[in-house]
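J.: For reference, the structure I am asking about is given below.
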Amino acid sequence: MLVPLSYNLRSLFVRRSATLLTVLGIGATVAIVSGILALQQGFHHMFTTGGREDLAVFLRPGASNEGNSQFNRERGLTLIKSVPEIEVGPQGPLASMEAYLAVLLDRTSGGLTNVPLRGVQPMTFAIRGDEIRIVEGRTFTPGHDELIVGRRLVAGIANCRVGDVITLNKTPFRVVGLFENEGQFGGEIWGDLDRLLSAMGRYGPNRVIAQLRPGTVIGSPDPMEVMFSDEPPEPEPGTMAARLLKDNVVPAKVYSEKEFLGSQTVMLTFMLGFIGLGLGVVMGLAAIFTAMNTMLSAVAARTYEIGILLAIGYRPIPIFLSFMFEALLLGLLGGLVGCVMTLPFNGVSAGTMNFQTFTEMAFAFRVTPLVLATAVFFSLVLGLVGGAWPALRAALMKPTQALKQG
Amino acid sequence: MPPFQLVWRNLLRRPLRSVLTVLSLMVAIFLICSLRSLITTIRSAADNSDPRRLAVMSASGLFVELPLHYQAEIERIPGVELTTKFQWFGAYYRSQQNFFAQFAVDPASMFKMYPECKVAPEAIENMAKERTGCIIGSTLAREFDWKVGDTIPLIGDLRPHPEDKAWEFKVAGIYHSDAPNFDSRTLFFRWDYFEETLKQGGVPPGVGVYSIRVAPGASVDQVIADVEELFHDSEQRVDCDTEAEFQRQFQSMFGNLPLFLSWIGGGVLIAILVACVNTMLMAMREQTPDVGILKALGFTDASMFGLLILQSTFLSVLGGGLGMLLALGTQGALARFLEAFAPGYRVTPETFALAAVIALVLGPLAGIAPALLARKLTPIEATRGTD
């Protein structure tokens, strides 16, 4: 026969100051761990939303990110014309050369930061469709010194409103529009490829993007494997990726956009995951100690009652379960408090350096259901581990001794 | 004053609880020490740099190269004692996970500019003789087990070798640095090898950063203004700053990460304060009948107040002390682990002082509420007990 649950509920209520303090302690721990998770989710979300399978990204072989990749203009054009897998639209191949640069700009809060700057060709907008939405002003006119700014930058970076002027090296560019994109582009500044290249003194684009004909298999190796193995895996023989890597005229490395974006987040995702795990373990230990203390005290104060329960015929296992339930409930309450503390951070913008490209990225905390579920699970684990020993202690009491002691 | 023996006996009454409380305090103080050290380590690079050293980079940022002829022009500015140039190489060893910084430099002027980079005279000679010679930091040498005379093949991620193969560097020497502004996980190699190889491929390199040392007696601000003015109408405008400012700018790219670390520290503080108050309240509840007896025996309200405060202070001082020891003990391991991210990780005396203050304040603070309760109780109420 199980001990009625109301016994535990009442106990938590009667010892409410201890319950409250323990719940707060567990809550703070859970909040910190889920806050880091939310940061990682926000970062991951920014990079992976909008990553398309049917869009190919061409880089120079050997380059691991677009900042390090370089093509010269003629080679880029040759590539666009010579790859048969590229879809052809009414105005020619659906492909565009892009330059990826960074420019040092003032933060509104003072100081300078590297903001990603992308030079694109008109075809980019045809390929992207409504992934890039102008929300204020208009888009830039090709061939003019005009820029459009990702809306996530407006709050943090100076001179990013429509009508402002951003000077790139010595050429003034006018901001003519703001655009929205949930992915990485929403934290970038865009302008005409050739105007940006000449203003920044660069001679060629960094990458080529192209929409592929339906059914094309790229066949590039898993970017994660490429990053972490000493013997870089080769693309599947016979596929587009294998052919282009060995191309005599314009050798290139090709990924689907989705794979490419995934590969760009590996370092920071790994780092944040590691920080989250490390803090979770260390702070979790402290929270377990607190929970154990509370439960030990709860058991000790109720020695007499436990004696009575045993004397009237409750078996040790139901008593054990009863105290475990109480500990789990304590953990769960802590988890809920932690979730409530984390929720206000949803959408708060954060910025940090992408160690792979040395540019600052603007993104937002994302408290996803996954984050909340992990938080609750973590808090239950804390309650479970913290409650096990005290519950065992209660279950192993001798009725006569317990009655005498209490 | 309450008898100390009583404090001790009360703590030992529930030994497991005292131990658990001390342990959670230990973890908390350890975390606060380590998190703060991470921030101070990152900042120390800027705080320790030479105020007479300047860095010149393109006003558009580090991604844009400066022309080579700028060096001679900078040297003509009055007050400039010495210049040297750096360029980021951006290669990796075998796979991208083996990441470290490499720079093409002029060894002679670089060693003069950075006395904190300590290197044996043979290494300088070796490097002068060997075109592909490089010097590597002691940390890097340890990490990859590289020795003088070894050849290091690097894959040019940013700058591919024109013959489509790995770049090769011969280790001419290993440098040491204790200065927080000069990390020991970098590879420096000869500019002429860099420039001539890239010219083969038709892409001559530019300069990432020029370092300047301002002559003693010359005005640093004047030199900064002169450098920026000199290139105002040239093909690349420049940004000239003191080394400290340059480092700070680089660190500010960590974004609000340091801020988040402080939040975490704050969260830890709240969590332990709450835990300590909790423990002391529990202890107080159990000791209520004793308090009644002691009061009946004639102990004053004040001494009962002191009894509870002393108990919690003892716990927090013990836990805090252990936490500080743990932070000190793990310093070496953490420093090794964080080398790539925060080179020279060290827990400063200020951090220890802060931790000590927190531990000393936390104990009495956590004890106040229960101690006030103990003080208020009348002997009769107390002996009857609350539980």
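Residues are referred to by chain and number: the chain letter is A, B, ... according to the order shown in the structure tokens, the number counts from 1 in that chain, and ligands are numbered separately from 1 in the order shown.
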Return as a PyMOL selection string the residues belonging to chain B that are within 8 Å of chain A, counting only C-alpha atoms.
T.: chain B and resi 17+20-21+23-25+27-28+59-61+63-64+94-97+155-160+236-237+249+252-257+264+267-268+270-272+274-275+277-279+281-282+387
J.: Residues near Leu403 of chain A, anyone? I mean within 9 Å using only C-alpha atoms, not counting same-chain ones fewer than 4 positions away, as a ChimeraX atom specification.
T.: /A:303-308,311,398-399
J.: Enter the distance from atom CA of Leu140 of chain B to atom CA of Phe30 of chain B, in Å, rounded to one decimal.
T.: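 Separation between atom CA of Leu140 of chain B and atom CA of Phe30 of chain B: 28.2 Å.
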J.: May I have the residues within 9 Å of Ser138 of chain B as an MDAnalysis selection string, using only C-alpha atoms and disregarding those fewer than 2 positions away in the same chain?
T.: chainID B and resid 136 140:143 174:177 184:186
J.: May I ask for the distance between atom CA of Trp389 of chain A and atom CA of Gly334 of chain A, given in Å to one decimal place?
T.: 19.2 Å
J.: List the spatial neighbours of Ala327 of chain B as JSON, numbers by chain - criterion: any atom at most 9 Å away, only C-alpha atoms, same-chain residues fewer than 6 positions off excluded.
T.: {"B": [29, 30, 31, 33, 34, 347]}
J.: Using N, CA and C atoms, can you write the selected residues to a file as a PDB file, in the first residue's frame?
T.:
ATOM      1  N   ILE B  29      32.073  29.040  -4.178  1.00  0.00           N
ATOM      2  CA  ILE B  29      33.224  29.947  -4.146  1.00  0.00           C
ATOM      3  C   ILE B  29      34.212  29.593  -5.255  1.00  0.00           C
ATOM      4  N   PHE B  30      34.356  28.304  -5.511  1.00  0.00           N
ATOM      5  CA  PHE B  30      35.229  27.865  -6.605  1.00  0.00           C
ATOM      6  C   PHE B  30      34.740  28.442  -7.932  1.00  0.00           C
ATOM      7  N   LEU B  31      33.425  28.337  -8.156  1.00  0.00           N
ATOM      8  CA  LEU B  31      32.861  28.843  -9.415  1.00  0.00           C
ATOM      9  C   LEU B  31      33.056  30.345  -9.548  1.00  0.00           C
ATOM     10  N   CYS B  33      35.346  32.207  -8.161  1.00  0.00           N
ATOM     11  CA  CYS B  33      36.768  32.465  -8.425  1.00  0.00           C
ATOM     12  C   CYS B  33      37.098  32.196  -9.893  1.00  0.00           C
ATOM     13  N   SER B  34      36.669  31.045 -10.400  1.00  0.00           N
ATOM     14  CA  SER B  34      37.061  30.667 -11.759  1.00  0.00           C
ATOM     15  C   SER B  34      36.423  31.577 -12.800  1.00  0.00           C
ATOM     16  N   VAL B 347      44.314  32.911 -11.327  1.00  0.00           N
ATOM     17  CA  VAL B 347      43.423  33.494 -10.328  1.00  0.00           C
ATOM     18  C   VAL B 347      44.225  34.574  -9.609  1.00  0.00           C
TER      19      VAL B 347
END
J.: Quick one: residues within 7 Å of Pro390 of chain A, only C-alpha atoms, excluding same-chain residues fewer than 2 positions away - as a CSV table (one decimal) with C-alpha atoms, in the first residue's frame?
T.:
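around_27.csv, written as the output of this step:
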chain,number,residue,atom,x,y,z
A,292,MET,CA,19.8,16.5,0.1
A,295,MET,CA,15.2,16.2,2.6
A,296,LEU,CA,17.5,14.9,5.4
A,299,VAL,CA,13.1,13.0,7.3
A,387,GLY,CA,16.5,12.6,-2.4
A,388,ALA,CA,17.7,9.1,-2.8
A,392,LEU,CA,16.6,5.3,1.9
A,393,ARG,CA,17.3,6.4,5.4
A,394,ALA,CA,13.6,6.9,6.1
J.: I need the residues of segment 100-145 of chain B that end up classed as strand (DSSP E or B) by DSSP on the backbone, written out as a PyMOL selection string.
T.: chain B and resi 101-105+118+133-137
J.: So that I have them on file, write out the residues from the current selection with N, CA and C atoms, as a CSV table (one decimal), in the first residue's frame.
T.:
chain,number,residue,atom,x,y,z
B,101,ALA,N,47.3,30.6,-34.0
B,101,ALA,CA,47.6,31.7,-34.8
B,101,ALA,C,49.0,31.6,-35.4
B,102,GLN,N,49.1,32.0,-36.7
B,102,GLN,CA,50.5,32.1,-37.3
B,102,GLN,C,50.6,33.5,-37.9
B,103,PHE,N,51.8,34.1,-37.8
B,103,PHE,CA,52.0,35.4,-38.4
B,103,PHE,C,53.3,35.4,-39.2
B,104,ALA,N,53.2,36.1,-40.4
B,104,ALA,CA,54.4,36.4,-41.1
B,104,ALA,C,55.0,37.7,-40.5
B,105,VAL,N,56.3,37.7,-40.1
B,105,VAL,CA,56.9,38.8,-39.5
B,105,VAL,C,58.3,39.1,-40.0
B,118,LYS,N,60.6,35.8,-25.2
B,118,LYS,CA,62.0,35.4,-24.9
B,118,LYS,C,62.4,34.2,-25.7
B,133,GLY,N,62.4,29.0,-41.8
B,133,GLY,CA,62.5,28.9,-40.3
B,133,GLY,C,61.4,29.6,-39.6
B,134,CYS,N,61.0,29.1,-38.5
B,134,CYS,CA,59.9,29.7,-37.7
B,134,CYS,C,60.2,29.6,-36.2
B,135,ILE,N,59.6,30.4,-35.4
B,135,ILE,CA,59.7,30.1,-34.0
B,135,ILE,C,58.3,29.9,-33.5
B,136,ILE,N,58.2,29.0,-32.5
B,136,ILE,CA,56.9,28.6,-32.0
B,136,ILE,C,56.9,28.8,-30.5
B,137,GLY,N,55.7,29.1,-30.0
B,137,GLY,CA,55.5,29.3,-28.5
B,137,GLY,C,55.7,28.0,-27.8
